[in-house]
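Chemist: Structure file work04.cif, mmCIF, C-alpha atoms, is pasted below:
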```cif
data_query
loop_
_atom_site.label_atom_id
_atom_site.label_comp_id
_atom_site.auth_asym_id
_atom_site.auth_seq_id
_atom_site.Cartn_x
_atom_site.Cartn_y
_atom_site.Cartn_z
CA MET A 8 0.00 0.00 0.00
CA ALA A 9 2.71 2.42 1.06
CA LEU A 10 4.88 1.84 -2.00
CA SER A 11 2.00 1.98 -4.49
CA GLY A 12 0.70 5.08 -2.71
CA LEU A 13 4.04 6.86 -2.97
CA PHE A 14 4.31 5.86 -6.61
CA LEU A 15 0.89 7.42 -7.26
CA VAL A 16 1.91 10.56 -5.36
CA VAL A 17 4.90 10.96 -7.69
CA PHE A 18 2.70 10.35 -10.73
CA LEU A 19 0.25 12.96 -9.46
CA GLY A 20 3.03 15.56 -9.38
CA GLN A 21 4.04 14.71 -12.93
CA HIS A 22 0.40 14.83 -14.12
CA PHE A 23 -0.06 18.21 -12.45
CA THR A 24 3.05 19.63 -14.11
CA ILE A 25 1.76 18.68 -17.57
CA ASN A 26 -1.73 20.00 -16.84
CA LEU A 27 -0.28 23.27 -15.57
CA ALA A 28 1.32 23.73 -18.97
CA SER A 29 -2.20 24.07 -20.42
CA VAL A 30 -2.63 27.28 -18.41
CA VAL A 31 0.71 28.70 -19.51
CA SER A 32 0.92 27.71 -23.16
CA LYS A 33 -1.40 25.84 -25.52
CA ASP A 34 1.51 24.69 -27.68
CA SER A 35 3.58 23.43 -24.76
CA PHE A 36 0.61 21.43 -23.48
CA ASN A 37 0.01 19.91 -26.90
CA GLU A 38 3.70 19.08 -27.23
CA LEU A 39 3.91 17.42 -23.79
CA SER A 40 0.65 15.53 -24.29
CA HIS A 41 1.73 14.32 -27.70
CA PHE A 42 5.00 13.08 -26.23
CA MET A 43 3.21 11.28 -23.38
CA GLY A 44 0.64 9.82 -25.74
CA ASN A 45 3.09 8.52 -28.33
CA ASN A 46 6.38 7.75 -26.63
CA PRO A 47 6.75 3.94 -26.60
CA LEU A 48 8.45 3.99 -23.17
CA VAL A 49 5.53 5.92 -21.68
CA GLN A 50 2.83 4.00 -23.54
CA PHE A 51 4.04 0.45 -23.19
CA ILE A 52 6.17 0.47 -20.02
CA LEU A 53 5.13 3.34 -17.74
CA GLN A 54 1.40 3.29 -18.52
CA PRO A 55 0.94 -0.43 -17.68
CA ILE A 56 2.98 0.10 -14.47
CA LEU A 57 0.74 3.04 -13.60
CA ILE A 58 -2.44 1.06 -14.23
CA PHE A 59 -1.09 -1.81 -12.15
CA GLY A 60 -0.21 0.64 -9.36
CA VAL A 61 -3.69 2.18 -9.36
CA VAL A 62 -5.49 -1.19 -9.42
CA PHE A 63 -3.18 -2.68 -6.78
CA HIS A 64 -3.64 0.32 -4.47
CA PHE A 65 -7.43 0.21 -4.67
CA ILE A 66 -7.76 -3.57 -4.35
CA MET A 67 -5.37 -3.68 -1.38
CA GLY A 68 -7.22 -0.75 0.20
CA PHE A 69 -10.54 -2.57 0.04
CA ILE A 70 -9.01 -5.88 1.23
CA LEU A 71 -7.42 -4.11 4.22
CA GLU A 72 -10.72 -2.42 5.03
CA LEU A 73 -12.57 -5.74 5.01
CA GLN A 74 -9.91 -7.39 7.18
CA ASN A 75 -9.97 -4.47 9.60
CA ARG A 76 -13.75 -4.51 9.90
CA ALA A 77 -13.63 -8.26 10.60
CA ALA A 78 -11.10 -7.65 13.39
CA ARG A 79 -13.84 -5.91 15.38
CA ALA A 80 -17.08 -7.75 14.69
CA ASN A 81 -18.89 -6.19 17.68
CA LYS A 82 -18.92 -2.42 17.46
CA TYR A 83 -18.66 -0.06 20.41
CA GLY A 84 -21.80 1.62 21.71
CA SER A 85 -19.73 4.76 22.21
CA TYR A 86 -16.54 5.35 20.22
CA LYS A 87 -14.81 8.73 20.30
CA GLY A 88 -12.50 8.40 17.32
CA SER A 89 -11.96 12.16 17.05
CA ALA A 90 -10.35 12.18 20.51
CA ASN A 91 -7.21 10.48 19.29
CA ALA A 92 -7.02 10.41 15.49
CA SER A 93 -7.67 12.77 12.58
CA TRP A 94 -10.78 12.49 10.43
CA MET A 95 -8.59 11.86 7.40
CA SER A 96 -6.81 8.92 8.96
CA ARG A 97 -10.09 7.33 10.04
CA ASN A 98 -11.84 7.74 6.70
CA MET A 99 -9.27 6.74 4.09
CA ILE A 100 -11.70 4.23 2.62
CA LEU A 101 -14.31 6.96 2.11
CA SER A 102 -11.91 9.42 0.48
CA GLY A 103 -10.44 6.52 -1.52
CA ALA A 104 -13.89 5.51 -2.77
CA VAL A 105 -14.59 9.09 -3.91
CA ILE A 106 -11.23 9.16 -5.74
CA LEU A 107 -12.03 5.80 -7.36
CA SER A 108 -15.38 7.16 -8.57
CA PHE A 109 -13.57 10.21 -9.93
CA LEU A 110 -11.11 7.97 -11.75
CA GLY A 111 -14.07 6.31 -13.44
CA LEU A 112 -15.20 9.73 -14.71
CA HIS A 113 -11.63 10.70 -15.58
CA PHE A 114 -11.05 7.54 -17.61
CA TYR A 115 -14.41 8.03 -19.34
CA ASP A 116 -13.45 11.62 -20.16
CA PHE A 117 -9.88 11.16 -21.33
CA TRP A 118 -8.47 7.65 -21.37
CA VAL A 119 -11.34 5.86 -23.13
CA PRO A 120 -11.58 8.47 -25.96
CA GLU A 121 -7.78 8.36 -26.31
CA MET A 122 -7.74 4.56 -26.63
CA ASN A 123 -10.65 4.79 -29.07
CA TYR A 124 -8.88 7.46 -31.13
CA LYS A 125 -5.61 5.57 -31.38
CA TYR A 126 -6.46 1.87 -31.34
CA PHE A 127 -10.07 1.40 -32.45
CA GLU A 128 -10.88 4.15 -34.92
CA VAL A 129 -7.16 4.49 -35.75
CA LEU A 130 -7.52 8.16 -36.68
CA PRO A 131 -4.55 10.10 -38.12
CA GLU A 132 -2.33 11.54 -35.44
CA ASP A 133 -2.94 15.25 -34.77
CA PRO A 134 -0.37 16.77 -32.37
CA THR A 135 -2.55 19.85 -31.86
CA ARG A 136 -5.78 18.16 -30.70
CA TYR A 137 -4.99 17.75 -26.96
CA TYR A 138 -5.60 21.29 -25.76
CA GLU A 139 -9.05 21.50 -27.37
CA GLU A 140 -10.00 18.10 -25.95
CA LEU A 141 -8.99 19.26 -22.47
CA VAL A 142 -10.82 22.59 -22.62
CA HIS A 143 -13.94 20.92 -24.03
CA LYS A 144 -14.20 18.72 -20.92
CA PHE A 145 -14.27 21.71 -18.59
CA VAL A 146 -17.16 23.51 -20.24
CA SER A 147 -19.81 21.70 -18.18
CA PRO A 148 -20.23 23.23 -14.71
CA VAL A 149 -21.45 19.87 -13.39
CA ARG A 150 -18.27 18.14 -14.49
CA VAL A 151 -16.11 20.94 -13.05
CA GLY A 152 -18.09 20.67 -9.79
CA LEU A 153 -17.42 16.94 -9.65
CA TYR A 154 -13.72 17.62 -10.25
CA VAL A 155 -13.62 20.14 -7.40
CA VAL A 156 -15.33 17.76 -4.95
CA SER A 157 -13.06 14.88 -6.00
CA PHE A 158 -9.89 16.91 -5.56
CA PHE A 159 -11.09 18.02 -2.12
CA PHE A 160 -11.27 14.35 -1.14
CA LEU A 161 -7.92 13.71 -2.82
CA ALA A 162 -6.42 16.39 -0.56
CA LEU A 163 -7.93 14.69 2.50
CA HIS A 164 -6.59 11.33 1.31
CA LEU A 165 -3.10 12.70 0.75
CA LEU A 166 -3.03 14.58 4.06
CA HIS A 167 -2.91 11.23 5.84
CA GLY A 168 -1.69 8.84 3.19
CA PHE A 169 1.48 10.59 2.04
CA GLY A 170 3.11 10.86 5.46
CA SER A 171 1.66 7.55 6.60
CA SER A 172 3.41 5.68 3.79
CA PHE A 173 6.81 6.67 5.23
CA GLN A 174 5.81 5.29 8.65
CA SER A 175 4.70 2.03 6.98
CA MET A 176 8.09 1.73 5.31
CA GLY A 177 9.80 2.10 8.66
CA ILE A 178 10.80 5.74 8.37
CA ASN A 179 10.10 7.58 11.62
CA ASN A 180 13.12 9.61 12.62
CA LYS A 181 14.47 13.16 12.82
CA TYR A 182 13.19 13.83 9.30
CA THR A 183 9.58 12.93 10.18
CA PRO A 184 8.54 16.50 11.13
CA ALA A 185 9.88 17.70 7.74
CA ILE A 186 8.02 14.87 5.96
CA LYS A 187 4.81 15.88 7.76
CA THR A 188 5.24 19.52 6.75
CA PHE A 189 5.95 18.58 3.13
CA THR A 190 2.90 16.26 3.21
CA LYS A 191 0.65 19.15 4.22
CA ILE A 192 2.05 21.44 1.52
CA TYR A 193 1.86 18.80 -1.22
CA ALA A 194 -1.56 17.48 -0.17
CA ILE A 195 -3.09 20.95 -0.36
CA ALA A 196 -1.10 22.56 -3.19
CA ILE A 197 -1.41 19.81 -5.82
CA PRO A 198 -5.21 19.22 -5.55
CA ALA A 199 -5.74 23.00 -5.30
CA GLY A 200 -3.63 23.37 -8.46
CA PHE A 201 -5.77 20.83 -10.33
CA VAL A 202 -8.92 22.69 -9.19
CA PHE A 203 -7.39 25.96 -10.40
CA ILE A 204 -6.69 24.47 -13.83
CA ALA A 205 -10.27 23.14 -14.15
CA LEU A 206 -11.76 26.48 -13.08
CA PHE A 207 -9.35 28.41 -15.34
CA HIS A 208 -10.47 26.53 -18.44
CA HIS A 209 -14.13 26.60 -17.38
CA PHE A 210 -14.25 30.38 -16.97
CA ASN A 211 -12.06 30.94 -20.03
CA ALA A 212 -14.57 29.00 -22.11
CA LEU A 213 -17.54 31.13 -20.98
CA MET B 9 -21.49 13.57 42.48
CA ASN B 10 -24.56 11.75 41.22
CA LEU B 11 -23.94 9.78 38.05
CA THR B 12 -25.73 7.46 35.64
CA LEU B 13 -23.71 4.48 34.47
CA LYS B 14 -24.50 2.65 31.25
CA VAL B 15 -22.65 -0.62 31.70
CA TRP B 16 -22.24 -3.49 29.24
CA ARG B 17 -23.56 -6.70 30.77
CA GLN B 18 -22.81 -10.03 29.12
CA ALA B 19 -23.18 -13.39 30.90
CA ASN B 20 -20.40 -15.15 29.01
CA THR B 21 -18.52 -15.31 25.71
CA THR B 22 -21.30 -16.93 23.73
CA THR B 23 -24.35 -14.94 24.86
CA ARG B 24 -25.35 -11.55 23.48
CA GLY B 25 -24.78 -8.65 25.79
CA SER B 26 -26.58 -5.35 26.28
CA PHE B 27 -26.27 -2.09 28.17
CA GLU B 28 -27.84 -1.84 31.63
CA THR B 29 -28.33 1.53 33.33
CA TYR B 30 -27.42 2.04 36.98
CA PRO B 31 -27.73 5.31 38.90
CA ILE B 32 -25.03 5.88 41.51
CA ALA B 33 -25.14 8.61 44.17
CA ASP B 34 -22.61 10.38 46.38
CA VAL B 35 -19.53 9.54 44.33
CA SER B 36 -16.46 11.30 45.71
CA PRO B 37 -14.36 13.14 43.07
CA ASP B 38 -11.30 11.66 44.80
CA MET B 39 -12.37 8.08 44.16
CA SER B 40 -10.59 6.13 41.47
CA PHE B 41 -12.82 4.79 38.71
CA LEU B 42 -12.39 1.25 40.01
CA GLU B 43 -13.33 2.32 43.55
CA MET B 44 -16.51 3.77 42.10
CA MET B 45 -17.13 0.42 40.39
CA ASP B 46 -16.53 -1.32 43.74
CA VAL B 47 -19.18 0.87 45.37
CA LEU B 48 -21.61 0.10 42.55
CA ASN B 49 -20.95 -3.62 42.91
CA GLU B 50 -21.61 -3.42 46.68
CA GLU B 51 -24.97 -1.82 45.92
CA LEU B 52 -25.77 -4.45 43.29
CA ILE B 53 -24.90 -7.28 45.67
CA GLN B 54 -27.14 -5.78 48.37
CA LYS B 55 -29.99 -5.67 45.85
CA GLY B 56 -29.36 -9.29 44.88
CA ILE B 57 -28.07 -8.39 41.41
CA ASP B 58 -25.04 -10.15 39.92
CA PRO B 59 -22.07 -7.79 40.40
CA ILE B 60 -20.29 -6.43 37.32
CA ALA B 61 -17.22 -8.45 36.35
CA PHE B 62 -14.17 -6.36 35.49
CA ASP B 63 -10.43 -7.00 35.41
CA HIS B 64 -8.17 -5.38 37.99
CA ASP B 65 -5.11 -6.26 40.02
CA CYS B 66 -2.39 -3.86 41.18
CA ARG B 67 -4.52 -0.69 40.99
CA GLU B 68 -1.42 1.43 40.55
CA GLY B 69 -1.01 1.42 36.79
CA ILE B 70 1.62 -1.28 36.55
CA CYS B 71 -0.03 -4.63 35.90
CA GLY B 72 -2.11 -3.77 32.81
CA MET B 73 -5.15 -5.72 33.97
CA CYS B 74 -7.83 -3.02 34.02
CA SER B 75 -9.38 -2.72 30.63
CA MET B 76 -12.52 -0.65 30.36
CA PHE B 77 -13.64 1.47 27.42
CA ILE B 78 -15.09 4.55 29.10
CA ASN B 79 -17.12 7.16 27.22
CA GLY B 80 -15.67 6.03 23.92
CA GLU B 81 -12.00 5.88 24.97
CA ALA B 82 -9.74 3.14 26.30
CA HIS B 83 -9.03 3.82 30.00
CA GLY B 84 -11.34 6.86 29.82
CA PRO B 85 -10.83 10.52 29.00
CA ASP B 86 -7.52 11.09 30.82
CA ARG B 87 -4.13 10.64 29.13
CA LEU B 88 -1.20 8.40 30.18
CA VAL B 89 -3.28 6.61 32.83
CA THR B 90 -4.86 3.22 33.22
CA THR B 91 -8.46 2.89 34.39
CA CYS B 92 -7.29 2.33 37.97
CA GLN B 93 -5.45 5.66 37.85
CA LEU B 94 -8.47 7.50 36.42
CA HIS B 95 -10.20 9.62 39.03
CA MET B 96 -13.84 10.62 39.25
CA ARG B 97 -12.83 14.28 39.23
CA LYS B 98 -12.52 13.86 35.47
CA PHE B 99 -16.33 13.65 35.34
CA LYS B 100 -19.07 16.13 36.28
CA ASP B 101 -22.07 15.77 38.53
CA GLY B 102 -25.02 14.49 36.50
CA ASP B 103 -22.87 12.85 33.81
CA THR B 104 -23.89 9.65 32.07
CA ILE B 105 -20.85 7.40 31.70
CA THR B 106 -20.82 4.59 29.13
CA ILE B 107 -18.64 1.65 30.19
CA GLU B 108 -17.83 -1.15 27.76
CA PRO B 109 -15.31 -3.98 27.49
CA PHE B 110 -12.35 -3.66 25.10
CA ARG B 111 -13.81 -4.87 21.82
CA ALA B 112 -11.80 -6.90 19.31
CA LYS B 113 -12.22 -10.28 17.68
CA ALA B 114 -8.93 -11.30 19.32
CA PHE B 115 -10.19 -10.16 22.78
CA PRO B 116 -13.42 -12.12 23.35
CA VAL B 117 -15.57 -10.99 26.25
CA VAL B 118 -15.32 -13.40 29.20
CA LYS B 119 -18.04 -11.70 31.23
CA ASP B 120 -19.37 -8.12 31.36
CA LEU B 121 -16.26 -5.89 31.16
CA ALA B 122 -13.66 -8.66 31.48
CA VAL B 123 -12.00 -9.76 28.23
CA ASP B 124 -9.61 -12.56 27.35
CA ARG B 125 -6.30 -11.00 26.33
CA SER B 126 -4.36 -14.26 26.13
CA ALA B 127 -3.77 -13.49 22.43
CA PHE B 128 -1.06 -11.11 23.68
CA ASP B 129 0.52 -13.97 25.65
CA ARG B 130 0.62 -16.14 22.56
CA VAL B 131 2.24 -13.33 20.52
CA GLN B 132 4.82 -12.95 23.29
CA HIS B 133 5.45 -16.70 23.39
CA ALA B 134 6.06 -16.66 19.62
CA GLY B 135 9.26 -14.67 20.01
CA GLY B 136 9.18 -12.06 22.77
CA PHE B 137 12.13 -13.46 24.67
CA ILE B 138 15.86 -14.11 24.48
CA SER B 139 17.34 -17.58 24.87
CA VAL B 140 20.08 -17.62 27.49
CA ASN B 141 21.74 -20.27 29.60
CA THR B 142 20.61 -19.55 33.13
CA SER B 143 22.69 -22.25 34.76
CA GLY B 144 24.86 -19.74 36.55
CA ASN B 145 27.26 -18.94 33.74
CA THR B 146 25.21 -16.12 32.29
CA GLN B 147 27.20 -13.01 31.48
CA ASP B 148 26.41 -10.07 33.75
CA ALA B 149 24.22 -7.76 31.67
CA ASN B 150 25.89 -4.76 33.28
CA ALA B 151 29.19 -5.85 31.72
CA ILE B 152 27.76 -5.36 28.23
CA THR B 153 28.10 -1.73 27.16
CA ILE B 154 25.03 -0.29 25.50
CA GLU B 155 24.71 3.18 24.05
CA LYS B 156 22.59 5.35 26.35
CA HIS B 157 20.25 6.35 23.52
CA ASP B 158 19.52 2.70 22.67
CA ALA B 159 19.15 1.73 26.32
CA ASP B 160 16.62 4.52 26.85
CA ARG B 161 14.62 3.54 23.76
CA ALA B 162 14.63 -0.12 24.80
CA PHE B 163 13.50 0.83 28.28
CA ASP B 164 10.72 3.04 26.90
CA ALA B 165 9.48 0.13 24.78
CA ALA B 166 9.70 -2.23 27.74
CA THR B 167 7.34 -0.06 29.77
CA CYS B 168 4.46 -1.49 27.73
CA ILE B 169 2.23 -3.24 30.27
CA GLY B 170 0.26 -5.18 27.64
CA CYS B 171 -3.09 -3.75 28.72
CA GLY B 172 -4.52 -3.85 25.20
CA ALA B 173 -5.63 -0.20 25.06
CA CYS B 174 -3.90 0.09 21.67
CA VAL B 175 -6.05 -2.69 20.24
CA ALA B 176 -9.18 -1.39 21.92
CA THR B 177 -8.78 2.14 20.64
CA CYS B 178 -7.54 1.38 17.12
CA LYS B 179 -10.39 1.55 14.62
CA ASN B 180 -8.88 -1.57 13.03
CA ALA B 181 -8.29 -3.42 16.33
CA SER B 182 -4.62 -3.62 15.37
CA ALA B 183 -2.03 -4.84 17.87
CA MET B 184 0.94 -3.25 16.12
CA LEU B 185 1.86 -0.92 18.98
CA PHE B 186 2.00 -3.77 21.51
CA VAL B 187 3.90 -6.14 19.22
CA SER B 188 6.29 -3.42 18.07
CA ALA B 189 7.07 -2.48 21.67
CA LYS B 190 7.89 -6.10 22.46
CA VAL B 191 10.02 -6.41 19.31
CA SER B 192 11.78 -3.10 19.96
CA GLN B 193 12.73 -3.77 23.57
CA TYR B 194 14.91 -6.64 22.29
CA ALA B 195 15.87 -5.31 18.86
CA LEU B 196 17.67 -2.35 20.42
CA LEU B 197 19.81 -4.45 22.77
CA PRO B 198 22.77 -6.70 21.89
CA GLN B 199 21.18 -9.63 23.73
CA GLY B 200 18.16 -9.44 21.43
CA LYS B 201 19.98 -9.23 18.12
CA VAL B 202 20.85 -12.96 17.94
CA GLU B 203 17.21 -14.02 17.49
CA ALA B 204 15.99 -10.80 15.87
CA THR B 205 15.05 -12.33 12.50
CA ASP B 206 12.97 -15.18 13.89
CA ARG B 207 11.49 -12.98 16.59
CA VAL B 208 9.88 -10.40 14.35
CA LEU B 209 8.72 -12.93 11.75
CA ASN B 210 7.17 -15.23 14.35
CA MET B 211 5.55 -12.49 16.41
CA VAL B 212 3.99 -10.81 13.38
CA LYS B 213 2.78 -14.20 12.10
CA GLN B 214 1.17 -14.95 15.46
CA MET B 215 -0.35 -11.46 15.58
CA ASP B 216 -2.00 -12.07 12.22
CA GLU B 217 -3.23 -15.52 13.24
CA GLU B 218 -4.90 -14.08 16.33
CA GLY B 219 -7.15 -11.96 14.11
CA PHE B 220 -5.92 -8.47 14.93
CA GLY B 221 -6.47 -5.83 12.24
CA ASN B 222 -3.90 -4.00 10.13
CA CYS B 223 -2.18 -0.78 11.09
CA THR B 224 -3.26 2.26 9.06
CA ASN B 225 -1.17 4.71 11.09
CA THR B 226 -4.06 6.68 12.59
CA GLY B 227 -1.91 7.17 15.69
CA ALA B 228 -4.84 6.60 18.07
CA CYS B 229 -2.92 3.85 19.89
CA GLU B 230 -0.07 6.19 20.81
CA VAL B 231 -2.51 8.78 22.16
CA GLU B 232 -4.46 6.31 24.29
CA CYS B 233 -1.51 4.21 25.49
CA PRO B 234 -1.23 4.64 29.27
CA LYS B 235 2.55 4.28 29.01
CA GLY B 236 3.05 6.60 26.03
CA ILE B 237 4.56 3.94 23.78
CA SER B 238 5.67 5.75 20.63
CA LEU B 239 4.76 5.06 17.00
CA GLU B 240 8.53 4.99 16.39
CA ASN B 241 8.35 1.40 17.62
CA ILE B 242 5.96 0.47 14.82
CA ALA B 243 8.31 2.01 12.25
CA ARG B 244 11.20 0.07 13.85
CA MET B 245 9.24 -3.18 13.69
CA ASN B 246 8.39 -2.51 10.04
CA ARG B 247 12.12 -2.08 9.34
CA GLU B 248 12.94 -5.22 11.30
CA TYR B 249 10.22 -7.14 9.46
CA LEU B 250 11.38 -5.95 6.05
CA THR B 251 15.00 -6.87 6.83
CA ALA B 252 14.00 -10.24 8.27
CA SER B 253 11.79 -11.03 5.26
CA ILE B 254 14.69 -10.31 2.87
CA LYS B 255 17.04 -12.46 4.97
CA GLY B 256 14.37 -15.17 5.05
#
```
Here is the file; what I need is its structure written in the form of C-alpha cells.

Modeler:
Amino acid sequence: MALSGLFLVVFLGQHFTINLASVVSKDSFNELSHFMGNNPLVQFILQPILIFGVVFHFIMGFILELQNRAARANKYGSYKGSANASWMSRNMILSGAVILSFLGLHFYDFWVPEMNYKYFEVLPEDPTRYYEELVHKFVSPVRVGLYVVSFFFLALHLLHGFGSSFQSMGINNKYTPAIKTFTKIYAIAIPAGFVFIALFHHFNAL
Amino acid sequence: MNLTLKVWRQANTTTRGSFETYPIADVSPDMSFLEMMDVLNEELIQKGIDPIAFDHDCREGICGMCSMFINGEAHGPDRLVTTCQLHMRKFKDGDTITIEPFRAKAFPVVKDLAVDRSAFDRVQHAGGFISVNTSGNTQDANAITIEKHDADRAFDAATCIGCGACVATCKNASAMLFVSAKVSQYALLPQGKVEATDRVLNMVKQMDEEGFGNCTNTGACEVECPKGISLENIARMNREYLTASIKG
C-alpha cells in the first residue's frame, strides 16, 4: 500500500506539471501531451505500471478495510474516534472511494476516448488536438463541480496517506517533522492546483 | 457527584450482551474509577443483582489488567493513565458514563467488562524473549556496554504493560503498537539481536493468526496508550520485518 501510494503521489506531481502547462501555453501542453501519448516507453512500459499501481492500491485498500472490519465484529456503543485520530486517517476508505469514482469519470473523459482514437478508430495523429479536448471537458459546470469535490477528497486522502506511507516503510526519525510539513504542503497545493486548472479553463470557455 | 452508568452486561462469551443503566449517588471526586465500580458492585450485591465483572489487580497502573472502554475511549478521557489511575474528578455531577469492554475479535468478552487478552501472551510466546543459559554462567548484563540512547529507547518500549488499550482504541483493532514495543525492547539491545530475525517474523505471524487488524497509522494507539509507547516502535518493527523477510 505504502509503495503503491508513494508511486501514485509521484505520478500525481508529474500529471499536475503537464496540466499546468495548459494554463501557460497551448503549444507546450500539446507538445507534452503528444509526447506522453506517443512515446513507446511511456505508452508500453510506464502506462501499464501506472495502471497496475492504481489497481493494486485500490484492491489492497478494500481488502485491508474488510480485514480491519472483521477484526472488530462487535462495534462499540460509544466510540470517540476524534479524541485520538484525525478524520482523514479514520476515513481513508471513504476518500479513496470518492477518488475511485472520480477515476471512473476521468477515464471516461480522457483515457477511453484516447484509446478509441488511437487503437479502435485508428484516426490520423494530430499533435494539436490535446488542448481543445482538455478545454472541451471543462465547459460543463457539473463536471467541473465533480472535479472540485473529488480533488477536495484527494487532498484529505493525501493529508494522511502521504506521510503515513513513510511510517509504513519504517521511516520515523528526525526527518519525520519535515516529511509531515511537506505532506501538508503537497496534499493541499497539488489538488488546489488541479482545481485551479479546471476552473481556469471553465471560466475561459464562458 | 450523582452519576448514571450505562454498563455493558454479558453473561459469558457466547451470549449476546446489552447495556444496563445504573444510577449511583454520592460519588467522591477523589475516588478512582475502580473504587466507584466497587461501590456500585456493593450496591448491586445488596440488591441481589449479579455484580459487574471487570479485570483489575495492582490498581497502581503497573499490571495492565484493568481494561474498560469509558465514554468512547480506552481507560477513559484522561491521558497516560490506566483505568485504575483515572479519578472521578474527570467527570461532572449528573454525567452519564458509558462503560464497555475492550472490543476486538482477538479479545473475546469473558463476562461483562472482562476480556480474554491471552492473544497477547501467545504473541509474546512466539518470540518475545531471548534464549540464554541460566545455569549460573550467564554473562552479567551490566558488563555489556550499551549506548545510552539505545538503552533509553529499549526501556521506553519495555514499559508497555500489555493492557490492550492500543487494540481497543484502534479503529482496526490492530495490535501493532503492543507487538512493536515487544520487538523493539529486544531489537535495540545486543542480547536481542541474535534471534531478531525469527522474533519479528514469528511475532507478526502470530499477531496475524490471532485476528488483529492491520495498522493504518491513525496514531490513536499512541494517544491512548497509558505508558506513552511511541509510534517509532511500529516504524522500527516494520524495518525489522522488512530486513527479516529479505534475509528469510

Chemist: Kindly resolve the PyMOL selection byres ((chain A and resi 40) around 12) on the present coordinates and return the residues as a PDB file with C-alpha atoms, in the coordinates of the input.

Modeler:
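Wrote selection12.pdb, looks like this:
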```pdb
ATOM      1  CA  GLN A  21       4.040  14.710 -12.930  1.00  0.00           C
ATOM      2  CA  HIS A  22       0.400  14.830 -14.120  1.00  0.00           C
ATOM      3  CA  THR A  24       3.050  19.630 -14.110  1.00  0.00           C
ATOM      4  CA  ILE A  25       1.760  18.680 -17.570  1.00  0.00           C
ATOM      5  CA  ASN A  26      -1.730  20.000 -16.840  1.00  0.00           C
ATOM      6  CA  LEU A  27      -0.280  23.270 -15.570  1.00  0.00           C
ATOM      7  CA  ALA A  28       1.320  23.730 -18.970  1.00  0.00           C
ATOM      8  CA  SER A  29      -2.200  24.070 -20.420  1.00  0.00           C
ATOM      9  CA  LYS A  33      -1.400  25.840 -25.520  1.00  0.00           C
ATOM     10  CA  ASP A  34       1.510  24.690 -27.680  1.00  0.00           C
ATOM     11  CA  SER A  35       3.580  23.430 -24.760  1.00  0.00           C
ATOM     12  CA  PHE A  36       0.610  21.430 -23.480  1.00  0.00           C
ATOM     13  CA  ASN A  37       0.010  19.910 -26.900  1.00  0.00           C
ATOM     14  CA  GLU A  38       3.700  19.080 -27.230  1.00  0.00           C
ATOM     15  CA  LEU A  39       3.910  17.420 -23.790  1.00  0.00           C
ATOM     16  CA  HIS A  41       1.730  14.320 -27.700  1.00  0.00           C
ATOM     17  CA  PHE A  42       5.000  13.080 -26.230  1.00  0.00           C
ATOM     18  CA  MET A  43       3.210  11.280 -23.380  1.00  0.00           C
ATOM     19  CA  GLY A  44       0.640   9.820 -25.740  1.00  0.00           C
ATOM     20  CA  ASN A  45       3.090   8.520 -28.330  1.00  0.00           C
ATOM     21  CA  ASN A  46       6.380   7.750 -26.630  1.00  0.00           C
ATOM     22  CA  VAL A  49       5.530   5.920 -21.680  1.00  0.00           C
ATOM     23  CA  GLN A  50       2.830   4.000 -23.540  1.00  0.00           C
ATOM     24  CA  PHE A 117      -9.880  11.160 -21.330  1.00  0.00           C
ATOM     25  CA  GLU A 121      -7.780   8.360 -26.310  1.00  0.00           C
ATOM     26  CA  ASP A 133      -2.940  15.250 -34.770  1.00  0.00           C
ATOM     27  CA  PRO A 134      -0.370  16.770 -32.370  1.00  0.00           C
ATOM     28  CA  THR A 135      -2.550  19.850 -31.860  1.00  0.00           C
ATOM     29  CA  ARG A 136      -5.780  18.160 -30.700  1.00  0.00           C
ATOM     30  CA  TYR A 137      -4.990  17.750 -26.960  1.00  0.00           C
ATOM     31  CA  TYR A 138      -5.600  21.290 -25.760  1.00  0.00           C
ATOM     32  CA  GLU A 139      -9.050  21.500 -27.370  1.00  0.00           C
ATOM     33  CA  GLU A 140     -10.000  18.100 -25.950  1.00  0.00           C
ATOM     34  CA  LEU A 141      -8.990  19.260 -22.470  1.00  0.00           C
TER      35      LEU A 141
END
```

Chemist: What residues come out when you apply the PyMOL selection byres ((chain A and resi 157) around 10) to this file, written as a PyMOL selection string?

Modeler: chain A and resi 102-110+151-156+158-163+198+202

Chemist: Kindly provide, as lines of an AutoDock Vina configuration file, the centre and edge lengths (Å, one decimal) of an axis-aligned box around all atoms of range 39-44 of chain A given in the file, with 8 Å on each side.

Modeler:
```
center_x = 2.8
center_y = 13.6
center_z = -25.5
size_x = 20.4
size_y = 23.6
size_z = 20.3
```

Chemist: Compute the set of chain A residues within 8 Å of chain B, using all atoms listed in the file, and express it as a VMD selection string.

Modeler: chain A and resid 71 74 to 88 90 to 93 96 to 97 171 174 to 180

Chemist: What residues come out when you apply the PyMOL selection byres ((chain B and resi 56-69) around 6) to this file, written as number ranges by chain?

Modeler: B: 49, 52-55, 70-71, 73-74, 90, 92, 120-122

Chemist: Within 6 Å of (-1.6, -2.1, 20.9), all atoms listed in the file: residues as a ChimeraX atom specification?

Modeler: /B:172,174-175,183-186

Chemist: Out of B:Lys100, B:Lys213, B:Arg17, B:Lys235, which residue has the shortest atom-to-atom distance to Thr167 in chain B when counting only C-alpha atoms?

Modeler: B:Lys235
